[in-house]
Amino acid sequence: MQANLQWLDDPEVFRVNQLPAHSDHHYYHDTAEFKTGSRFIKSLNGAWRFNFAKTPAERPVDFYQPDFDATDFDTIQVPGHIELAGYGQIQYINTLYPWEGKIYRRPPYTLNQDQLTPGLFSDAADNTVGSYLKTFDLDDAFKGQRIIIQFQGVEEALYVWLNGHFIGYAEDSFTPSEFVLTPYIQDQGNVLAVRVYKRSTAAFIEDQDMFRFSGIFRDVNILAEPASHITDLDIRPVPNANLKSGELNITTKVTGEPATLALTVKDHDGRVLTSQTQTGSGSVTFDTMLFDQLHLWSPQTPYLYQLTIEVYDADHQLLEVVPYQFGFRTVELRDDKVIYVNNKRLVINGVNRHEWNAHTGRVISMADMRADIQTMLANNINADRTCHYPDQLPWYQLCDEAGIYLMAENNLESHESWQKMGAIEPSYNVPGDNPHWLAAVIDRARSNYEWFKNHPSIIFWSLGNESYAGEDIAAMQAFYKEHDDSRLVHYEGVVHTPELKDRISDVESRMYEKPQNIVAYLEDNPTKPFLDCEYMHDMGNSLGGMQSYNDLIDKYPMYQGGFIWDFIDQALFVHDPITDQDVLRYGGDFDERHSDYEFSGDGLMFADRTPKPAMQEVKYYYGLHK
């Protein structure tokens, strides 16, 4: 197969040769590597050769050929944003598409149901292109193994070649993309070529309120898989009604040769609670394990059990060890129309959190993530909505450990397709009821579910943000309901299509609703509990009046709190030549037009993670309902 540039123009092509999404487990050769690092992973982060083209027509066409002369290529750091490396235009936008007012574009299959627009992005004057090259050798532990490349995040459309051979294509900027390299891998001198286009049809459904960047902005790893390998781990811990006992069901997917899987579960103190052995390949299911005395996971006591699976070959040689921490907890929407976690009414003291670093944009470190966890804990914040895309893989484990509830959101926002100049006008809304966009959004739901399904911190799946509603989003909810009965589903946009409310969202979710209107809803025999998925909007000297929302918690059990917009300012440090100091610059400060200007600054913290005065208000009121 050869790469096709026209894939950029077609919403029905969003993955080519991409491996299916799976659980986010790690694997090691033995337990000693838990501390030293797995021999089966090789980072390709660092310096890459790089070429920037302003349009697809100007790209170096054959750059992926092994004999290509790249001496005139620049150097760029991976992970990183192309724009923050000095190429292209930094642009902040809230709702509009980046090209509005400059280029006429409509989503394919909307105004004309049967036709694509040739060259919509593949021959576009505003579609910048990054061409990356990386040379690497295989470590000894990789030789003779099945070799996978994993891109944890690339905006926005990704083509991959190895040693001149086309490997695959992917969209969905915020979930990992994996491809098999084995047929074309060499022990030495491998040439990995990656082409990243800033825009494809995915841009119509990645219209989030944020700076618009492009490039390889999360980690890139080469993975080796032993002869028998656990590719997926499905952990189902289910407490009994008494919340004192429960059962554990575990299913794995094993690729390669049949293997013996030795499972052990330990408590938090390292005591063995149960063990079991199963043999097979493909889908391997363990017998149900019963637990007489449970420790429940909750924000107050985020108790985690330790699962370990050792994989042995036919000669009983250890091939790999898979560890995973999991927790028991219940999430219920009962007949009284109130959500309960572990038999206690749920109260969300939440924030919406963009991933952000004032120096590197959405390229964030473990130190950034740990700092955010500590800020939440210190200010009585017990919940995070991952607005409006899946976060980096470690974030979910950190929230498990810290006891932070998660609303795990899909990478979906199509704001400009249905709202024009503040008015609701969905004439070319996507995904809507459009069958040509259905597969793409179901794939995003599947990826979000498969990668993060084992995390007890996730109590809601969120179908996306500000994308109106229609049959495609109803199908996303149906996917979650079919695969997961341990969590609820959230989606705010169905407020615009009340005829779909019985098929979309387990909660009544609104943005910036006035307290008196929430009261009117709650006193009108509502069918669902109420949740503010965005409220307060901490921009400038705001966040006053928080008590009026907090009072609702005491009076109405069906009011279950909300998520403040938002956690941290989106702003970037820029060196000011006049003052010779690094200063924070917001939207509109980069000569971009159009822009939504300082609207990028509405966090509880400045972009350098200094708390704003409003954080004191949050700590006080959230502390009243811990």
# chains A, B, ... in the order shown; residues from 1 in each chain; ligands from 1

$ closest_atom_pairs --of "segment 233-270 of chain A" --to "segment 289-302 of chain A" --cutoff "7 Å" --atoms "only C-alpha atoms" --output "tab-separated table"
residue	atom	partner	partner_atom	distance
A:Lys244	CA	A:Leu294	CA	5.2
A:Ser245	CA	A:Asp292	CA	4.6
A:Gly246	CA	A:Phe291	CA	5.2
A:Glu247	CA	A:Leu290	CA	4.5
A:Leu248	CA	A:Met289	CA	5.0
A:Asn249	CA	A:Met289	CA	6.6

$ write_last_selection --atoms "N, CA and C atoms" --output "tab-separated table (two decimals), in the first residue's frame"
chain	number	residue	atom	x	y	z
A	244	LYS	N	-18.96	-4.72	51.18
A	244	LYS	CA	-17.93	-5.31	52.04
A	244	LYS	C	-17.23	-6.49	51.38
A	245	SER	N	-17.85	-7.05	50.37
A	245	SER	CA	-17.28	-8.16	49.62
A	245	SER	C	-17.47	-7.89	48.15
A	246	GLY	N	-16.86	-8.72	47.32
A	246	GLY	CA	-17.00	-8.49	45.88
A	246	GLY	C	-16.32	-9.57	45.08
A	247	GLU	N	-16.29	-9.35	43.78
A	247	GLU	CA	-15.66	-10.31	42.90
A	247	GLU	C	-14.83	-9.58	41.85
A	248	LEU	N	-13.85	-10.32	41.34
A	248	LEU	CA	-12.93	-9.77	40.36
A	248	LEU	C	-12.91	-10.68	39.14
A	249	ASN	N	-13.15	-10.08	37.97
A	249	ASN	CA	-13.09	-10.81	36.71
A	249	ASN	C	-12.05	-10.16	35.82

$ closest_atom_pairs --of "segment 317-435 of chain A" --to "segment 551-563 of chain A" --cutoff "6 Å" --atoms "only C-alpha atoms" --output "CSV"
residue,atom,partner,partner_atom,distance
A:Val338,CA,A:Met558,CA,5.2
A:Val347,CA,A:Gln560,CA,4.9
A:Ile348,CA,A:Gly561,CA,4.6
A:Gly350,CA,A:Phe563,CA,4.0
A:Val351,CA,A:Phe563,CA,4.2
A:Asn352,CA,A:Phe563,CA,5.7

$ write_last_selection --atoms "C-alpha atoms" --output "PDB file, in the first residue's frame"
ATOM      1  CA  VAL A 338     -29.288  10.847  42.464  1.00  0.00           C
ATOM      2  CA  VAL A 347     -20.695  15.803  45.080  1.00  0.00           C
ATOM      3  CA  ILE A 348     -18.393  17.046  42.338  1.00  0.00           C
ATOM      4  CA  GLY A 350     -14.406  19.856  40.005  1.00  0.00           C
ATOM      5  CA  VAL A 351     -12.334  21.729  37.480  1.00  0.00           C
ATOM      6  CA  ASN A 352     -11.887  21.538  33.736  1.00  0.00           C
TER       7      ASN A 352
END

$ select_by_dssp --residues "segment 141-361 of chain A" --states "strand (DSSP E or B)" --output "VMD selection string"
chain A and resid 146 to 151 154 to 155 157 to 162 165 to 170 177 to 180 190 to 197 206 210 to 212 215 to 216 220 to 225 228 to 239 246 to 266 272 to 285 289 to 291 296 to 297 302 305 to 312 318 to 326 328 331 to 333 339 to 341 344 to 345 348 to 352 357 361

$ residues_around --residues "segment 444-446 of chain A" --least-positions-apart "3" --cutoff "12 Å" --atoms "only C-alpha atoms" --output "ChimeraX atom specification"
/A:14-15,20-23,170-177,202,205-206,389-390,408-413,437-441,449-453,461-464,472-484,489

$ residues_around --residues "Glu58 of chain A" --least-positions-apart "4" --cutoff "10 Å" --atoms "only C-alpha atoms" --output "mmCIF file with C-alpha atoms, in the first residue's frame"
data_model
loop_
_atom_site.group_PDB
_atom_site.id
_atom_site.type_symbol
_atom_site.label_atom_id
_atom_site.label_comp_id
_atom_site.auth_asym_id
_atom_site.auth_seq_id
_atom_site.Cartn_x
_atom_site.Cartn_y
_atom_site.Cartn_z
ATOM 1 C CA PHE A 52 8.792 22.774 7.425
ATOM 2 C CA ALA A 53 6.586 23.452 4.417
ATOM 3 C CA LYS A 54 3.918 26.127 4.244
ATOM 4 C CA THR A 128 1.402 23.492 6.960
ATOM 5 C CA VAL A 129 3.483 20.306 6.860
#

$ residues_around --residues "segment 313-320 of chain A" --least-positions-apart "4" --cutoff "8 Å" --atoms "only C-alpha atoms" --output "list in words"
Tyr27, Tyr28, His29, Asp30, Pro226, Ala227, Ser228, His229, Glu257, Pro258, Ala259 and Thr260 of chain A

$ write_last_selection --atoms "N, CA and C atoms" --output "short mmCIF file (atom, residue, chain, number, x, y, z; two decimals), in the first residue's frame"
data_model
loop_
_atom_site.label_atom_id
_atom_site.label_comp_id
_atom_site.auth_asym_id
_atom_site.auth_seq_id
_atom_site.Cartn_x
_atom_site.Cartn_y
_atom_site.Cartn_z
N TYR A 27 4.59 -3.41 30.51
CA TYR A 27 5.09 -4.78 30.62
C TYR A 27 6.61 -4.77 30.69
N TYR A 28 7.15 -5.75 31.42
CA TYR A 28 8.57 -5.83 31.73
C TYR A 28 9.04 -7.27 31.55
N HIS A 29 10.36 -7.43 31.43
CA HIS A 29 10.88 -8.80 31.33
C HIS A 29 10.80 -9.53 32.66
N ASP A 30 11.04 -8.80 33.76
CA ASP A 30 10.94 -9.39 35.08
C ASP A 30 10.64 -8.29 36.09
N PRO A 226 7.49 -9.77 23.24
CA PRO A 226 8.04 -11.13 23.28
C PRO A 226 7.15 -12.12 22.55
N ALA A 227 7.61 -13.38 22.45
CA ALA A 227 6.92 -14.40 21.65
C ALA A 227 5.47 -14.61 22.08
N SER A 228 5.20 -14.47 23.36
CA SER A 228 3.83 -14.45 23.88
C SER A 228 3.68 -13.15 24.66
N HIS A 229 2.64 -12.41 24.34
CA HIS A 229 2.54 -11.05 24.87
C HIS A 229 1.09 -10.70 25.18
N GLU A 257 2.53 -17.12 20.62
CA GLU A 257 2.43 -18.52 21.02
C GLU A 257 1.55 -18.68 22.26
N PRO A 258 0.87 -19.83 22.40
CA PRO A 258 0.15 -20.10 23.65
C PRO A 258 1.09 -19.98 24.84
N ALA A 259 0.58 -19.46 25.94
CA ALA A 259 1.42 -19.18 27.10
C ALA A 259 0.70 -19.56 28.38
N THR A 260 1.47 -19.67 29.45
CA THR A 260 0.92 -19.86 30.78
C THR A 260 0.95 -18.52 31.51
#

$ residues_around --residues "Phe73 of chain A" --least-positions-apart "2" --cutoff "6 Å" --atoms "only C-alpha atoms" --output "PyMOL selection string"
chain A and resi 49-51+70-71
